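Content type TSV, C-alpha atoms, from the file entry-v9.tsv:
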```tsv
chain	number	residue	atom	x	y	z
A	1118	MET	CA	0.00	0.00	0.00
A	1119	THR	CA	1.29	3.47	-0.91
A	1120	GLU	CA	1.28	6.08	1.82
A	1121	THR	CA	0.06	9.54	0.87
A	1122	ILE	CA	1.93	12.45	2.43
A	1123	GLU	CA	-0.07	15.64	2.92
A	1124	THR	CA	1.38	19.03	3.76
A	1125	ILE	CA	-0.53	20.55	6.66
A	1126	ARG	CA	-0.23	24.21	7.60
A	1127	TYR	CA	-0.87	25.24	11.21
A	1128	THR	CA	-2.70	28.50	11.94
A	1129	ALA	CA	-4.44	30.34	14.77
A	1130	ASP	CA	-7.56	32.54	14.58
A	1131	VAL	CA	-9.15	34.87	17.13
A	1132	VAL	CA	-12.78	35.72	17.87
A	1133	CYS	CA	-12.31	39.06	19.62
A	1134	ILE	CA	-15.52	40.27	21.30
A	1135	ARG	CA	-16.25	43.84	22.40
A	1136	GLY	CA	-19.72	44.23	23.85
A	1137	GLY	CA	-22.02	42.57	21.34
A	1138	THR	CA	-19.60	42.93	18.42
A	1139	VAL	CA	-16.83	40.84	16.88
A	1140	LEU	CA	-13.62	42.23	15.38
A	1141	LEU	CA	-13.16	41.30	11.72
A	1142	ILE	CA	-10.59	42.13	9.09
A	1143	GLU	CA	-11.15	42.70	5.40
A	1144	ARG	CA	-8.82	40.35	3.55
A	1145	GLY	CA	-6.41	42.25	1.35
A	1146	TRP	CA	-5.21	39.23	-0.63
A	1147	PRO	CA	-6.51	36.00	-2.19
A	1148	PRO	CA	-8.14	33.75	-1.41
A	1149	HIS	CA	-11.30	35.58	-0.43
A	1150	LYS	CA	-9.81	39.02	-1.13
A	1151	GLY	CA	-12.23	41.72	0.02
A	1152	ARG	CA	-14.25	39.40	2.30
A	1153	LEU	CA	-14.47	39.68	6.05
A	1154	ALA	CA	-12.56	37.16	8.16
A	1155	LEU	CA	-11.28	36.63	11.66
A	1156	PRO	CA	-7.81	37.93	12.50
A	1157	GLY	CA	-5.29	35.11	12.40
A	1158	GLY	CA	-2.43	33.50	10.58
A	1159	HIS	CA	0.38	31.00	10.59
A	1160	VAL	CA	1.96	29.65	13.76
A	1161	ASP	CA	5.69	30.37	13.51
A	1162	PRO	CA	8.36	27.76	14.28
A	1163	GLY	CA	8.87	27.46	18.03
A	1164	GLU	CA	5.60	29.31	18.76
A	1165	THR	CA	2.44	28.01	20.40
A	1166	SER	CA	-0.91	28.55	18.73
A	1167	ARG	CA	-1.96	30.70	21.71
A	1168	ALA	CA	1.06	32.99	21.28
A	1169	ALA	CA	0.49	33.09	17.51
A	1170	ALA	CA	-3.16	34.07	18.00
A	1171	ALA	CA	-2.21	37.00	20.26
A	1172	ARG	CA	0.58	38.05	17.87
A	1173	GLU	CA	-1.64	37.90	14.78
A	1174	LEU	CA	-4.40	39.86	16.53
A	1175	LEU	CA	-1.89	42.60	17.36
A	1176	GLU	CA	-0.26	42.63	13.90
A	1177	GLU	CA	-3.53	42.71	11.97
A	1178	THR	CA	-5.68	44.93	14.21
A	1179	GLY	CA	-3.45	46.68	16.77
A	1180	VAL	CA	-5.37	45.00	19.63
A	1181	HIS	CA	-3.06	43.70	22.36
A	1182	VAL	CA	-4.20	40.82	24.58
A	1183	ASP	CA	-2.34	38.57	26.97
A	1184	PRO	CA	-2.09	35.12	25.34
A	1185	TRP	CA	-3.33	33.56	28.58
A	1186	ASP	CA	-6.59	35.52	28.28
A	1187	LEU	CA	-7.39	33.54	25.12
A	1188	GLU	CA	-9.83	30.65	25.57
A	1189	LEU	CA	-9.65	27.77	23.10
A	1190	ILE	CA	-12.87	27.44	21.10
A	1191	GLY	CA	-11.73	24.43	19.12
A	1192	ILE	CA	-9.59	22.94	16.40
A	1193	TYR	CA	-10.88	23.31	12.84
A	1194	ASP	CA	-9.44	20.82	10.38
A	1195	ALA	CA	-11.94	20.09	7.62
A	1196	PRO	CA	-9.86	19.10	4.57
A	1197	ASP	CA	-11.58	21.67	2.33
A	1198	ARG	CA	-11.71	24.63	4.73
A	1199	ASP	CA	-9.07	26.55	2.73
A	1200	PRO	CA	-8.73	26.52	-1.08
A	1201	ARG	CA	-4.91	26.81	-0.80
A	1202	GLY	CA	-4.59	23.35	0.73
A	1203	ARG	CA	-4.82	21.65	4.11
A	1204	TYR	CA	-4.92	24.16	6.96
A	1205	VAL	CA	-5.58	23.26	10.58
A	1206	THR	CA	-6.42	26.15	12.89
A	1207	ALA	CA	-6.69	26.56	16.62
A	1208	ALA	CA	-9.44	29.13	17.21
A	1209	TYR	CA	-9.51	31.25	20.36
A	1210	LEU	CA	-12.01	33.55	22.05
A	1211	VAL	CA	-11.13	36.72	23.93
A	1212	THR	CA	-13.28	39.53	25.33
A	1213	VAL	CA	-11.84	43.04	25.39
A	1214	PRO	CA	-13.02	46.24	27.13
A	1215	ASP	CA	-15.75	48.31	25.47
A	1216	ASP	CA	-13.32	51.16	24.76
A	1217	THR	CA	-10.92	48.95	22.76
A	1218	THR	CA	-10.07	50.40	19.36
A	1219	ALA	CA	-8.61	48.65	16.33
A	1220	HIS	CA	-6.86	49.68	13.14
A	1221	ALA	CA	-5.84	47.81	10.01
A	1222	GLY	CA	-2.31	46.53	10.20
A	1223	ASP	CA	-0.24	43.80	8.60
A	1224	ASP	CA	-2.22	41.79	6.00
A	1225	ALA	CA	-5.55	43.58	6.67
A	1226	ALA	CA	-7.11	45.99	4.17
A	1227	ALA	CA	-9.51	47.25	6.86
A	1228	VAL	CA	-11.00	46.28	10.22
A	1229	CYS	CA	-14.51	46.57	11.62
A	1230	TRP	CA	-16.54	45.71	14.69
A	1231	LEU	CA	-19.62	43.87	13.43
A	1232	PRO	CA	-22.62	42.91	15.57
A	1233	LEU	CA	-22.27	39.23	16.45
A	1234	GLU	CA	-25.64	38.35	14.94
A	1235	ASP	CA	-24.52	39.86	11.61
A	1236	ALA	CA	-21.28	37.84	11.37
A	1237	ARG	CA	-22.37	35.61	8.49
A	1238	GLY	CA	-20.87	34.81	5.10
A	1239	LEU	CA	-17.34	35.18	6.42
A	1240	ALA	CA	-14.30	33.83	4.57
A	1241	PHE	CA	-13.25	30.20	5.04
A	1242	ASP	CA	-15.21	28.56	7.90
A	1243	HIS	CA	-15.06	31.66	10.08
A	1244	THR	CA	-18.86	31.96	10.35
A	1245	ASP	CA	-18.89	28.53	12.04
A	1246	ILE	CA	-16.08	29.57	14.38
A	1247	VAL	CA	-17.99	32.72	15.42
A	1248	LEU	CA	-21.17	30.70	15.97
A	1249	ASN	CA	-19.23	28.26	18.17
A	1250	ALA	CA	-17.77	31.17	20.14
A	1251	ARG	CA	-21.26	32.61	20.66
A	1252	TYR	CA	-22.46	29.24	21.93
A	1253	ARG	CA	-19.48	29.01	24.30
A	1254	GLN	CA	-20.32	32.50	25.67
A	1255	SER	CA	-23.91	31.50	26.36
A	1256	SER	CA	-23.03	28.11	27.87
A	1257	PRO	CA	-22.86	27.93	31.69
A	1258	PHE	CA	-19.74	25.75	31.43
```

How would this structure read if it were set down as structure tokens?
Amino acid sequence: MTETIETIRYTADVVCIRGGTVLLIERGWPPHKGRLALPGGHVDPGETSRAAAARELLEETGVHVDPWDLELIGIYDAPDRDPRGRYVTAAYLVTVPDDTTAHAGDDAAAVCWLPLEDARGLAFDHTDIVLNARYRQSSPF
């Protein structure tokens, strides 16, 4: 039997909540150029996904959070979640103060705070990630 080797890329995404809104970036590059997505990106060598999530949030939106304030939502690994190939992401949830501001940084064409209930049709599987974060917020556990 022949073994198939698959290249897997490791990423981290952040659902950043302020009041009843979620912080989204407008993608400035393909795939999904121009669509809204969660802040996130590749985990660098020697870096944890938690540290990568905090770093990517800062680089893309200017929002600084302590990595230990990030709560794991889940691991997303559907084979077709990214048209570029196999990407596995660790998605995190963080809540920031109501006066938190954001600005477009590295890899983001723009940023916006969108009401949670309006966060639909996002790039990749990010709508599902936001829905799971909303469920986690409403769960007593």

Please return as a ChimeraX atom specification every residue within 12 Å of (-2.0, 44.7, 24.5), taking into account only C-alpha atoms and the file's own coordinates. /A:1171-1176,1178-1186,1213-1214,1217-1219

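The smallest atom-to-atom distance between Val1211 (chain A) and any of A:Gly1163, A:Asp1235, A:Gly1145, A:Gly1136, using all atoms listed in the file, is found for A:Gly1136.
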
Please compute the CA of Ala1226 (chain A)-CA of Pro1196 (chain A) distance, one decimal, in Å.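 Calculated distance between CA of Ala1226 (chain A) and CA of Pro1196 (chain A) is 27.0 Å.
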
Residue among A:Val1247, A:Ala1240, A:Ala1208, A:Cys1133 lying closest to His1149 (chain A), counting all atoms listed in the file: A:Ala1240

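Proximity to Pro1162 (chain A) at 12 Å, evaluated using only C-alpha atoms and with sequence-adjacent residues fewer than 3 positions away removed, yields Arg1126, Tyr1127, Thr1128, His1159, Thr1165, Ser1166, Ala1168 and Ala1169 of chain A.
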
Distance in Å - CA of Gly1157 (chain A) versus CA of Gln1254 (chain A): 20.2 Å

Just how far from CA of Thr1124 (chain A) is CA of Thr1244 (chain A), in Å to one decimal?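 Between these atoms lies a distance of 24.9 Å.
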
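Residue nearest Tyr1209 (chain A), chosen from A:Asp1245, A:Ala1250, A:Ile1122, A:Arg1135 and counting all atoms listed in the file: A:Ala1250.
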
Nearest residue to Glu1177 (chain A) from the set A:Asp1224, A:Glu1143, A:Glu1234, A:Glu1123 (distances using all atoms listed in the file): A:Asp1224

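Here the question is which of A:Ile1142, A:Ile1190, A:Arg1167, A:Asn1249 gets nearest to Ala1225 (chain A) using all atoms listed in the file, and that residue is A:Ile1142.
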
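Closest approach to Arg1253 (chain A) from the set A:Val1132, A:Val1205, A:Ile1125, A:Val1160 is made by A:Val1132, with distances taken over only C-alpha atoms.
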
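Within 8 Å of the point (-17.3, 44.6, 11.3), counting all atoms listed in the file, the protein and nucleic acid residues come to Thr1138, Val1139, Leu1140, Leu1141, Ile1142, Leu1153, Val1228, Cys1229, Trp1230, Leu1231, Pro1232 and Ala1236 of chain A.
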